[in-house]
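Shown next: coords35.pdb, containing PDB, C-alpha atoms.
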```pdb
MODEL        1
ATOM      1  CA  MET A   1     129.497  52.691 185.932
ATOM      2  CA  VAL A   2     128.238  52.611 189.507
ATOM      3  CA  THR A   3     129.338  55.575 191.635
ATOM      4  CA  PHE A   4     127.158  54.825 194.657
ATOM      5  CA  PHE A   5     125.282  51.938 196.253
ATOM      6  CA  PHE A   6     121.980  51.522 198.101
ATOM      7  CA  ILE A   7     122.166  49.633 201.391
ATOM      8  CA  LYS A   8     119.060  47.461 201.649
ATOM      9  CA  GLY A   9     119.311  47.085 205.436
ATOM     10  CA  ILE A  10     118.095  44.333 207.717
ATOM     11  CA  SER A  11     114.511  44.407 206.421
ATOM     12  CA  ASP A  12     112.581  46.449 203.852
ATOM     13  CA  VAL A  13     109.182  45.907 205.521
ATOM     14  CA  PRO A  14     107.888  49.405 206.489
ATOM     15  CA  GLU A  15     106.139  48.181 209.645
ATOM     16  CA  LEU A  16     109.410  46.797 211.021
ATOM     17  CA  GLN A  17     111.520  49.931 210.586
ATOM     18  CA  VAL A  18     110.651  51.555 213.923
ATOM     19  CA  PRO A  19     111.154  48.349 216.018
ATOM     20  CA  ILE A  20     114.419  47.632 214.192
ATOM     21  CA  PHE A  21     115.607  51.211 214.763
ATOM     22  CA  LEU A  22     114.847  51.062 218.490
ATOM     23  CA  LEU A  23     116.462  47.637 218.882
ATOM     24  CA  VAL A  24     119.608  48.628 216.978
ATOM     25  CA  LEU A  25     119.862  51.885 218.957
ATOM     26  CA  LEU A  26     119.520  49.999 222.253
ATOM     27  CA  ILE A  27     122.188  47.475 221.238
ATOM     28  CA  TYR A  28     124.530  50.248 220.119
ATOM     29  CA  LEU A  29     124.138  52.229 223.356
ATOM     30  CA  LEU A  30     124.594  49.098 225.505
ATOM     31  CA  THR A  31     127.713  48.144 223.565
ATOM     32  CA  LEU A  32     129.238  51.610 223.845
ATOM     33  CA  GLY A  33     128.368  51.851 227.532
ATOM     34  CA  GLY A  34     129.680  48.406 228.444
ATOM     35  CA  ASN A  35     132.972  48.627 226.568
ATOM     36  CA  MET A  36     133.673  52.228 227.578
ATOM     37  CA  THR A  37     132.998  51.287 231.218
ATOM     38  CA  ILE A  38     135.574  48.488 231.113
ATOM     39  CA  LEU A  39     138.074  50.729 229.340
ATOM     40  CA  LEU A  40     137.639  53.557 231.869
ATOM     41  CA  LEU A  41     137.848  51.149 234.823
ATOM     42  CA  ILE A  42     141.167  49.803 233.545
ATOM     43  CA  LEU A  43     142.534  53.311 232.970
ATOM     44  CA  ARG A  44     141.334  54.484 236.392
ATOM     45  CA  ASP A  45     142.424  51.592 238.618
ATOM     46  CA  PRO A  46     146.211  50.947 238.844
ATOM     47  CA  LYS A  47     145.484  47.433 240.132
ATOM     48  CA  LEU A  48     144.233  46.574 236.641
ATOM     49  CA  TRP A  49     147.403  47.732 234.897
ATOM     50  CA  THR A  50     148.488  44.172 234.210
ATOM     51  CA  PRO A  51     149.001  42.451 230.828
ATOM     52  CA  MET A  52     145.646  40.625 230.961
ATOM     53  CA  TYR A  53     143.686  43.823 231.530
ATOM     54  CA  ILE A  54     145.781  45.833 229.076
ATOM     55  CA  PHE A  55     144.747  43.323 226.409
ATOM     56  CA  LEU A  56     141.142  43.524 227.633
ATOM     57  CA  GLY A  57     141.249  47.327 227.440
ATOM     58  CA  ASN A  58     142.485  47.143 223.859
ATOM     59  CA  LEU A  59     139.721  44.664 223.044
ATOM     60  CA  SER A  60     137.071  46.996 224.513
ATOM     61  CA  PHE A  61     138.552  49.944 222.615
ATOM     62  CA  LEU A  62     138.423  47.906 219.403
ATOM     63  CA  GLU A  63     134.823  46.807 219.999
ATOM     64  CA  VAL A  64     133.696  50.425 220.301
ATOM     65  CA  TRP A  65     135.037  51.201 216.828
ATOM     66  CA  TYR A  66     134.069  47.802 215.405
ATOM     67  CA  ILE A  67     130.366  48.312 216.064
ATOM     68  CA  SER A  68     130.572  52.022 215.181
ATOM     69  CA  VAL A  69     131.633  51.169 211.626
ATOM     70  CA  THR A  70     128.225  49.702 210.791
ATOM     71  CA  LEU A  71     125.438  50.571 213.256
ATOM     72  CA  PRO A  72     125.443  54.418 213.123
ATOM     73  CA  ASN A  73     125.157  54.279 209.339
ATOM     74  CA  LEU A  74     122.341  51.715 209.652
ATOM     75  CA  LEU A  75     120.512  53.933 212.158
ATOM     76  CA  ALA A  76     120.882  56.956 209.862
ATOM     77  CA  ASN A  77     119.570  54.972 206.909
ATOM     78  CA  ILE A  78     116.462  53.869 208.829
ATOM     79  CA  MET A  79     115.806  57.307 210.335
ATOM     80  CA  THR A  80     116.218  59.374 207.157
ATOM     81  CA  GLY A  81     115.160  56.796 204.599
ATOM     82  CA  ASN A  82     118.260  57.675 202.563
ATOM     83  CA  ARG A  83     120.083  54.386 202.019
ATOM     84  CA  GLU A  84     122.663  55.749 199.611
ATOM     85  CA  ILE A  85     126.405  55.322 200.188
ATOM     86  CA  SER A  86     129.149  56.437 197.832
ATOM     87  CA  TYR A  87     131.468  53.944 196.167
ATOM     88  CA  SER A  88     134.468  55.288 198.104
ATOM     89  CA  GLY A  89     132.477  55.284 201.342
ATOM     90  CA  CYS A  90     131.459  51.677 200.786
ATOM     91  CA  ILE A  91     135.051  50.596 200.112
ATOM     92  CA  THR A  92     136.279  52.515 203.173
ATOM     93  CA  GLN A  93     133.648  50.912 205.404
ATOM     94  CA  LEU A  94     134.655  47.430 204.205
ATOM     95  CA  PHE A  95     138.359  48.202 204.711
ATOM     96  CA  VAL A  96     137.932  49.440 208.296
ATOM     97  CA  PHE A  97     135.520  46.617 209.160
ATOM     98  CA  THR A  98     137.969  43.972 207.885
ATOM     99  CA  PHE A  99     140.914  45.660 209.612
ATOM    100  CA  LEU A 100     139.165  45.682 212.999
ATOM    101  CA  GLY A 101     137.866  42.133 212.589
ATOM    102  CA  ALA A 102     141.344  40.772 211.839
ATOM    103  CA  SER A 103     142.869  42.799 214.685
ATOM    104  CA  GLU A 104     140.362  41.253 217.090
ATOM    105  CA  CYS A 105     141.455  37.765 216.009
ATOM    106  CA  TYR A 106     145.063  38.536 216.879
ATOM    107  CA  LEU A 107     144.157  40.303 220.115
ATOM    108  CA  LEU A 108     142.265  37.208 221.230
ATOM    109  CA  ALA A 109     145.308  35.114 220.287
ATOM    110  CA  SER A 110     147.563  37.405 222.341
ATOM    111  CA  MET A 111     145.210  37.063 225.312
ATOM    112  CA  ALA A 112     145.377  33.262 225.008
ATOM    113  CA  TYR A 113     149.189  33.411 224.964
ATOM    114  CA  ASP A 114     149.111  35.616 228.079
ATOM    115  CA  ARG A 115     147.000  33.003 229.900
ATOM    116  CA  TYR A 116     149.403  30.266 228.751
ATOM    117  CA  ILE A 117     152.383  32.057 230.294
ATOM    118  CA  ALA A 118     150.452  32.856 233.485
ATOM    119  CA  ILE A 119     149.347  29.239 234.084
ATOM    120  CA  CYS A 120     152.111  27.143 232.538
ATOM    121  CA  ASN A 121     155.097  29.348 233.495
ATOM    122  CA  PRO A 122     153.907  31.408 236.478
ATOM    123  CA  LEU A 123     157.406  31.973 237.883
ATOM    124  CA  ARG A 124     158.555  33.553 234.624
ATOM    125  CA  TYR A 125     155.363  35.508 234.002
ATOM    126  CA  THR A 126     156.585  38.886 235.259
ATOM    127  CA  ILE A 127     159.834  38.488 233.320
ATOM    128  CA  THR A 128     158.239  37.311 230.086
ATOM    129  CA  MET A 129     155.205  39.621 229.998
ATOM    130  CA  GLN A 130     157.048  42.869 230.594
ATOM    131  CA  ASP A 131     155.573  46.123 229.348
ATOM    132  CA  LYS A 132     157.749  46.231 226.237
ATOM    133  CA  TYR A 133     156.775  42.668 225.266
ATOM    134  CA  VAL A 134     153.075  43.373 225.808
ATOM    135  CA  LEU A 135     153.456  46.498 223.667
ATOM    136  CA  ARG A 136     155.043  44.425 220.885
ATOM    137  CA  LEU A 137     152.159  41.957 220.945
ATOM    138  CA  LEU A 138     149.666  44.808 220.724
ATOM    139  CA  ILE A 139     151.521  46.492 217.866
ATOM    140  CA  VAL A 140     151.742  43.206 215.947
ATOM    141  CA  SER A 141     148.022  42.558 216.497
ATOM    142  CA  TRP A 142     146.945  45.988 215.264
ATOM    143  CA  LEU A 143     149.418  46.187 212.368
ATOM    144  CA  THR A 144     148.640  42.669 211.130
ATOM    145  CA  GLY A 145     144.962  43.560 211.173
ATOM    146  CA  LEU A 146     145.692  46.797 209.294
ATOM    147  CA  PHE A 147     147.564  44.995 206.504
ATOM    148  CA  THR A 148     144.961  42.217 206.183
ATOM    149  CA  PRO A 149     142.397  44.024 203.972
ATOM    150  CA  ILE A 150     144.909  45.675 201.619
ATOM    151  CA  LEU A 151     145.101  42.867 199.050
ATOM    152  CA  PRO A 152     141.369  41.916 199.114
ATOM    153  CA  ILE A 153     140.328  45.565 198.805
ATOM    154  CA  TRP A 154     142.738  46.137 195.917
ATOM    155  CA  PHE A 155     141.270  43.192 194.001
ATOM    156  CA  LEU A 156     137.768  44.486 194.759
ATOM    157  CA  THR A 157     138.582  47.908 193.306
ATOM    158  CA  GLN A 158     139.723  46.229 190.074
ATOM    159  CA  LEU A 159     136.211  44.868 189.493
ATOM    160  CA  ASN A 160     133.611  46.714 187.443
ATOM    161  CA  PHE A 161     130.194  47.561 188.875
ATOM    162  CA  CYS A 162     127.706  48.480 186.165
ATOM    163  CA  GLY A 163     124.381  47.853 187.914
ATOM    164  CA  PRO A 164     122.277  46.912 189.768
ATOM    165  CA  ASN A 165     123.706  48.764 192.749
ATOM    166  CA  GLU A 166     121.601  47.604 195.731
ATOM    167  CA  VAL A 167     123.715  45.931 198.421
ATOM    168  CA  ASP A 168     121.523  43.259 200.013
ATOM    169  CA  HIS A 169     123.003  43.677 203.491
ATOM    170  CA  TYR A 170     123.026  46.215 206.326
ATOM    171  CA  PHE A 171     126.597  47.327 205.545
ATOM    172  CA  CYS A 172     129.119  47.034 202.713
ATOM    173  CA  ASP A 173     130.341  43.470 203.112
ATOM    174  CA  ALA A 174     132.383  41.693 200.443
ATOM    175  CA  SER A 175     129.893  38.940 199.671
ATOM    176  CA  PRO A 176     126.935  41.116 198.559
ATOM    177  CA  LEU A 177     129.323  43.432 196.720
ATOM    178  CA  LEU A 178     130.744  40.535 194.707
ATOM    179  CA  LYS A 179     127.234  39.625 193.600
ATOM    180  CA  LEU A 180     126.959  43.076 191.995
ATOM    181  CA  ALA A 181     130.242  42.855 190.060
ATOM    182  CA  CYS A 182     130.009  42.607 186.281
ATOM    183  CA  GLY A 183     133.321  40.892 185.556
ATOM    184  CA  ASN A 184     135.017  37.662 186.570
ATOM    185  CA  ILE A 185     135.174  37.443 190.359
ATOM    186  CA  LYS A 186     137.003  34.116 190.619
ATOM    187  CA  MET A 187     140.391  35.616 191.505
ATOM    188  CA  LYS A 188     138.798  37.897 194.082
ATOM    189  CA  GLU A 189     137.087  34.897 195.730
ATOM    190  CA  ILE A 190     140.381  32.991 195.852
ATOM    191  CA  VAL A 191     142.193  35.969 197.439
ATOM    192  CA  ASP A 192     139.419  36.398 200.021
ATOM    193  CA  PHE A 193     139.545  32.712 200.870
ATOM    194  CA  ILE A 194     143.347  32.632 201.263
ATOM    195  CA  VAL A 195     143.492  35.797 203.384
ATOM    196  CA  SER A 196     140.590  34.668 205.571
ATOM    197  CA  MET A 197     142.152  31.248 206.062
ATOM    198  CA  PHE A 198     145.494  32.789 206.996
ATOM    199  CA  VAL A 199     143.991  35.128 209.608
ATOM    200  CA  LEU A 200     141.691  32.533 211.143
ATOM    201  CA  ILE A 201     144.098  29.576 211.132
ATOM    202  CA  SER A 202     147.162  31.519 212.338
ATOM    203  CA  SER A 203     145.306  33.111 215.255
ATOM    204  CA  MET A 204     143.298  29.970 216.076
ATOM    205  CA  LEU A 205     146.502  27.914 216.072
ATOM    206  CA  VAL A 206     147.990  30.150 218.765
ATOM    207  CA  ILE A 207     144.784  29.858 220.804
ATOM    208  CA  PHE A 208     144.546  26.086 220.369
ATOM    209  CA  ILE A 209     148.187  25.416 221.311
ATOM    210  CA  SER A 210     147.949  27.774 224.298
ATOM    211  CA  TYR A 211     144.831  26.117 225.685
ATOM    212  CA  PHE A 212     146.125  22.638 224.928
ATOM    213  CA  CYS A 213     149.177  23.357 227.079
ATOM    214  CA  ILE A 214     146.990  25.028 229.712
ATOM    215  CA  THR A 215     144.753  21.959 229.888
ATOM    216  CA  LEU A 216     147.719  19.610 230.339
ATOM    217  CA  THR A 217     149.152  21.808 233.087
ATOM    218  CA  VAL A 218     145.839  22.160 234.919
ATOM    219  CA  LEU A 219     145.153  18.423 234.825
ATOM    220  CA  LYS A 220     148.496  17.813 236.546
ATOM    221  CA  MET A 221     147.571  20.062 239.472
ATOM    222  CA  PRO A 222     146.940  17.993 242.621
ATOM    223  CA  SER A 223     144.362  20.354 244.100
ATOM    224  CA  SER A 224     140.849  20.639 242.667
ATOM    225  CA  LYS A 225     140.715  24.181 244.033
ATOM    226  CA  GLY A 226     143.865  25.049 242.085
ATOM    227  CA  ARG A 227     142.430  23.548 238.904
ATOM    228  CA  TYR A 228     139.204  25.508 239.308
ATOM    229  CA  LYS A 229     141.077  28.756 239.951
ATOM    230  CA  ALA A 230     143.281  28.254 236.885
ATOM    231  CA  PHE A 231     140.361  27.452 234.597
ATOM    232  CA  SER A 232     138.256  30.309 235.972
ATOM    233  CA  THR A 233     140.759  32.835 234.610
ATOM    234  CA  CYS A 234     140.178  31.455 231.099
ATOM    235  CA  THR A 235     136.415  30.912 230.909
ATOM    236  CA  SER A 236     135.547  34.479 229.873
ATOM    237  CA  HIS A 237     138.131  34.469 227.116
ATOM    238  CA  LEU A 238     137.059  31.017 225.923
ATOM    239  CA  ALA A 239     133.409  32.091 225.735
ATOM    240  CA  VAL A 240     134.286  35.091 223.560
ATOM    241  CA  VAL A 241     136.570  32.981 221.365
ATOM    242  CA  CYS A 242     133.893  30.340 220.748
ATOM    243  CA  VAL A 243     131.229  32.871 219.727
ATOM    244  CA  TYR A 244     133.506  35.066 217.628
ATOM    245  CA  TYR A 245     135.521  32.412 215.836
ATOM    246  CA  GLY A 246     132.519  30.155 215.325
ATOM    247  CA  SER A 247     130.578  32.808 213.440
ATOM    248  CA  MET A 248     133.631  34.181 211.620
ATOM    249  CA  SER A 249     134.670  30.746 210.404
ATOM    250  CA  PHE A 250     131.151  29.976 209.222
ATOM    251  CA  THR A 251     131.097  33.163 207.155
ATOM    252  CA  TYR A 252     134.593  33.549 205.740
ATOM    253  CA  ILE A 253     136.135  30.128 205.221
ATOM    254  CA  ARG A 254     133.600  29.020 202.641
ATOM    255  CA  VAL A 255     133.068  30.556 199.218
ATOM    256  CA  ARG A 256     131.303  33.763 200.119
ATOM    257  CA  THR A 257     129.013  34.278 197.124
ATOM    258  CA  ALA A 258     127.625  30.762 197.546
ATOM    259  CA  SER A 259     125.955  31.634 200.853
ATOM    260  CA  THR A 260     122.403  32.877 201.121
ATOM    261  CA  VAL A 261     121.641  36.503 201.938
ATOM    262  CA  SER A 262     119.599  35.711 205.058
ATOM    263  CA  THR A 263     122.355  33.446 206.438
ATOM    264  CA  ASN A 264     125.029  36.082 205.807
ATOM    265  CA  LYS A 265     123.012  38.741 207.602
ATOM    266  CA  LEU A 266     122.263  36.499 210.575
ATOM    267  CA  VAL A 267     125.873  35.394 211.052
ATOM    268  CA  SER A 268     127.175  38.931 210.487
ATOM    269  CA  VAL A 269     124.889  40.196 213.250
ATOM    270  CA  LEU A 270     126.291  37.506 215.558
ATOM    271  CA  TYR A 271     129.979  38.425 215.249
ATOM    272  CA  SER A 272     129.736  42.153 214.440
ATOM    273  CA  VAL A 273     126.883  43.189 216.768
ATOM    274  CA  ILE A 274     126.116  40.577 219.427
ATOM    275  CA  THR A 275     129.736  39.700 220.285
ATOM    276  CA  PRO A 276     130.814  43.328 220.976
ATOM    277  CA  MET A 277     127.686  43.758 223.124
ATOM    278  CA  VAL A 278     128.136  40.625 225.276
ATOM    279  CA  ASN A 279     131.917  40.903 225.734
ATOM    280  CA  PRO A 280     131.673  43.424 228.615
ATOM    281  CA  ILE A 281     128.941  41.325 230.241
ATOM    282  CA  ILE A 282     131.021  38.147 230.024
ATOM    283  CA  TYR A 283     134.174  39.760 231.388
ATOM    284  CA  SER A 284     132.448  41.763 234.131
ATOM    285  CA  LEU A 285     130.324  38.875 235.408
ATOM    286  CA  ARG A 286     133.122  36.310 235.355
ATOM    287  CA  ASN A 287     135.938  38.572 236.538
ATOM    288  CA  LYS A 288     136.274  39.405 240.205
ATOM    289  CA  ASP A 289     138.819  42.208 239.669
ATOM    290  CA  VAL A 290     136.579  44.024 237.188
ATOM    291  CA  ARG A 291     133.583  43.732 239.538
ATOM    292  CA  LEU A 292     135.600  45.095 242.450
ATOM    293  CA  ALA A 293     136.901  47.987 240.337
ATOM    294  CA  LEU A 294     133.326  48.801 239.282
ATOM    295  CA  GLN A 295     132.086  48.689 242.883
ATOM    296  CA  LYS A 296     134.960  50.923 243.928
ATOM    297  CA  ALA A 297     134.153  53.430 241.190
ATOM    298  CA  LEU A 298     130.452  53.491 242.083
ATOM    299  CA  ARG A 299     131.010  53.729 245.826
ATOM    300  CA  LYS A 300     130.226  57.210 247.146
ATOM    301  CA  PRO A 301     133.000  58.921 249.111
ATOM    302  CA  LYS A 302     132.460  58.812 252.842
ATOM    303  CA  VAL A 303     131.848  62.083 254.662
ATOM    304  CA  PHE A 304     133.512  62.175 258.084
ATOM    305  CA  LYS A 305     132.214  64.492 260.769
ATOM    306  CA  LEU A 306     134.792  66.135 262.947
ATOM    307  CA  GLY A 307     133.957  65.855 266.614
ATOM    308  CA  VAL A 308     134.912  68.472 269.171
TER     309      VAL A 308
ENDMDL
END
```

Conversion result in structure tokens:
Amino acid sequence: MVTFFFIKGISDVPELQVPIFLLVLLIYLLTLGGNMTILLLILRDPKLWTPMYIFLGNLSFLEVWYISVTLPNLLANIMTGNREISYSGCITQLFVFTFLGASECYLLASMAYDRYIAICNPLRYTITMQDKYVLRLLIVSWLTGLFTPILPIWFLTQLNFCGPNEVDHYFCDASPLLKLACGNIKMKEIVDFIVSMFVLISSMLVIFISYFCITLTVLKMPSSKGRYKAFSTCTSHLAVVCVYYGSMSFTYIRVRTASTVSTNKLVSVLYSVITPMVNPIIYSLRNKDVRLALQKALRKPKVFKLGV
């Protein structure tokens, strides 16, 4: 029986290992720096202690851990040449990765609901989005994400792995692991499909309904300036939603073992590496409050000379 796996990585061509290592390291450092900057700006500036930025801070906090589940291990594998990971370590990595991915879906749904209240019911916004209600949405998002991988992981642990034990991916994802299982994987595929559909459809439904109502409300506004201002508060969120949900849906809604290895790796890089890296860029470039908070933090304190 298999007690450990070998992670194949992004490429097994020796000449590409150094460029891949440098590129992955750069992406990881940029992602950590960008998301930690947004998180620290929100914690530092009381003007950003609003529901929208509290959700954004949670998203940045999640992205830091989301990318840290996979990339440090990949960097260590390339640097040392030791691609071995224990069975329990592989299962743990998959559990945490799935938990954070599902939590991000529900955080994005909560952010869409926040924008719906702000645009469609602005007079009731401060009453509806009180601190205790925002806290409930955050708790539900994180807890729902935490419970999501329990059933799929349990079914995975019931499978037998008797060799080969090389995971053709850069982390322990479910699809390459299922290809290594010796027994019948049909039930596991069905469970994965149902759970993935539930997470994606339930969160996407909240986002779709929220933006459908937002669109109707904005179109009724008499002023073009008002319509532009309302839509401008949603563009950053919409950009993240399109990239993240597009790649997630492509990967998880279909039967996972039927997809090719190269396609799985490419799409996984899109939603697990590229999305966490570009999120801070999207929100900082499109958000005036974040830019002002960053300028304020970078501005040197003025030194006043006392005249006689």

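The gap separating CA of Pro19 (chain A) from CA of Val240 (chain A) is 27.7 Å, in Å to one decimal.
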
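Selection check: the PyMOL selection byres ((chain A and resi 26-30) around 10) on the shown file gives A:Ile20, A:Phe21, A:Leu22, A:Leu23, A:Val24, A:Leu25, A:Thr31, A:Leu32, A:Gly33, A:Gly34, A:Asn35, A:Met36, A:Val64, A:Ile67, A:Ser68, A:Leu71, A:Pro72, A:Leu75, A:Val273, A:Ile274, A:Pro276, A:Met277, A:Val278, A:Pro280.
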
Could those selected residues go to a file with C-alpha atoms, as a PDB file, in the frame of the given file?
```pdb
ATOM      1  CA  ILE A  20     114.419  47.632 214.192  1.00  0.00           C
ATOM      2  CA  PHE A  21     115.607  51.211 214.763  1.00  0.00           C
ATOM      3  CA  LEU A  22     114.847  51.062 218.490  1.00  0.00           C
ATOM      4  CA  LEU A  23     116.462  47.637 218.882  1.00  0.00           C
ATOM      5  CA  VAL A  24     119.608  48.628 216.978  1.00  0.00           C
ATOM      6  CA  LEU A  25     119.862  51.885 218.957  1.00  0.00           C
ATOM      7  CA  THR A  31     127.713  48.144 223.565  1.00  0.00           C
ATOM      8  CA  LEU A  32     129.238  51.610 223.845  1.00  0.00           C
ATOM      9  CA  GLY A  33     128.368  51.851 227.532  1.00  0.00           C
ATOM     10  CA  GLY A  34     129.680  48.406 228.444  1.00  0.00           C
ATOM     11  CA  ASN A  35     132.972  48.627 226.568  1.00  0.00           C
ATOM     12  CA  MET A  36     133.673  52.228 227.578  1.00  0.00           C
ATOM     13  CA  VAL A  64     133.696  50.425 220.301  1.00  0.00           C
ATOM     14  CA  ILE A  67     130.366  48.312 216.064  1.00  0.00           C
ATOM     15  CA  SER A  68     130.572  52.022 215.181  1.00  0.00           C
ATOM     16  CA  LEU A  71     125.438  50.571 213.256  1.00  0.00           C
ATOM     17  CA  PRO A  72     125.443  54.418 213.123  1.00  0.00           C
ATOM     18  CA  LEU A  75     120.512  53.933 212.158  1.00  0.00           C
ATOM     19  CA  VAL A 273     126.883  43.189 216.768  1.00  0.00           C
ATOM     20  CA  ILE A 274     126.116  40.577 219.427  1.00  0.00           C
ATOM     21  CA  PRO A 276     130.814  43.328 220.976  1.00  0.00           C
ATOM     22  CA  MET A 277     127.686  43.758 223.124  1.00  0.00           C
ATOM     23  CA  VAL A 278     128.136  40.625 225.276  1.00  0.00           C
ATOM     24  CA  PRO A 280     131.673  43.424 228.615  1.00  0.00           C
TER      25      PRO A 280
END
```

Practice item. Compile the contact shell of Tyr271 (chain A) as a PyMOL selection string: residues with an atom at most 6 Å away, counting all atoms listed in the file, same-chain residues fewer than 4 positions apart removed. Key: chain A and resi 244+247+275

Exercise for review: Evaluate the PyMOL selection byres ((chain A and resi 144) around 10) on the structure here and hand back the selected residues as a list in words.
Suggested key: Phe99, Ala102, Ser103, Cys105, Tyr106, Leu138, Ile139, Val140, Ser141, Trp142, Leu143, Gly145, Leu146, Phe147, Thr148, Pro149 and Val199 of chain A

Check your understanding: Hey, can you check how far CA of Tyr170 (chain A) sits from CA of Ile10 (chain A)?
Key -> 5.5 Å

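Using all atoms listed in the file, the nearest neighbour of Leu219 (chain A) within the list A:Ile282, A:Ile78, A:Val195, A:Cys120 is A:Cys120.
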
Check your understanding: Got a sec: who's within 8 Å of Leu108 (chain A), counting all atoms listed in the file, leaving out chain neighbours fewer than 2 positions off, as a count of residues only?
Key -> 10

Study note, to complete from the structure: Across A:Asn279, A:Leu298, A:Cys90, A:Leu266, the smallest distance to Ile38 (chain A), with all atoms listed in the file counted, is shown by A:Asn279

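The shortest atom-to-atom distance to Glu166 (chain A), with only C-alpha atoms taken into account, belongs to A:Ile7 out of A:Val218, A:Ile7, A:Leu62, A:Leu94.
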
With all atoms of region 39-55 of chain A from the file as input, state the centre and edge lengths in Å to one decimal of the axis-aligned box that has 8 Å extra on each side, as lines of an AutoDock Vina configuration file.
```
center_x = 143.3
center_y = 47.6
center_z = 233.3
size_x = 27.4
size_y = 29.9
size_z = 29.7
```

Exercise for review: Can you work out which one of A:Val69, A:Ala118, A:Leu137, A:Leu123 has the shortest atom-to-atom distance to Leu100 (chain A), counting only C-alpha atoms?
Suggested key: A:Val69

Exercise for review: Up to 10 Å from (143.0, 29.6, 226.5) in the file's coordinates: name the residues, counting all atoms listed in the file, as a ChimeraX atom specification.
Suggested key: /A:108-116,119,206-215,231,233-239,241

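Across the model, the gap from CA of Asp192 (chain A) to CA of Met204 (chain A) is 17.7 Å.
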
Check your understanding: What would the list of residues within 12 Å of (147.6, 36.4, 198.8) (file frame) look like as a ChimeraX atom specification, if all atoms listed in the file are what count?
Key -> /A:147-155,187-199
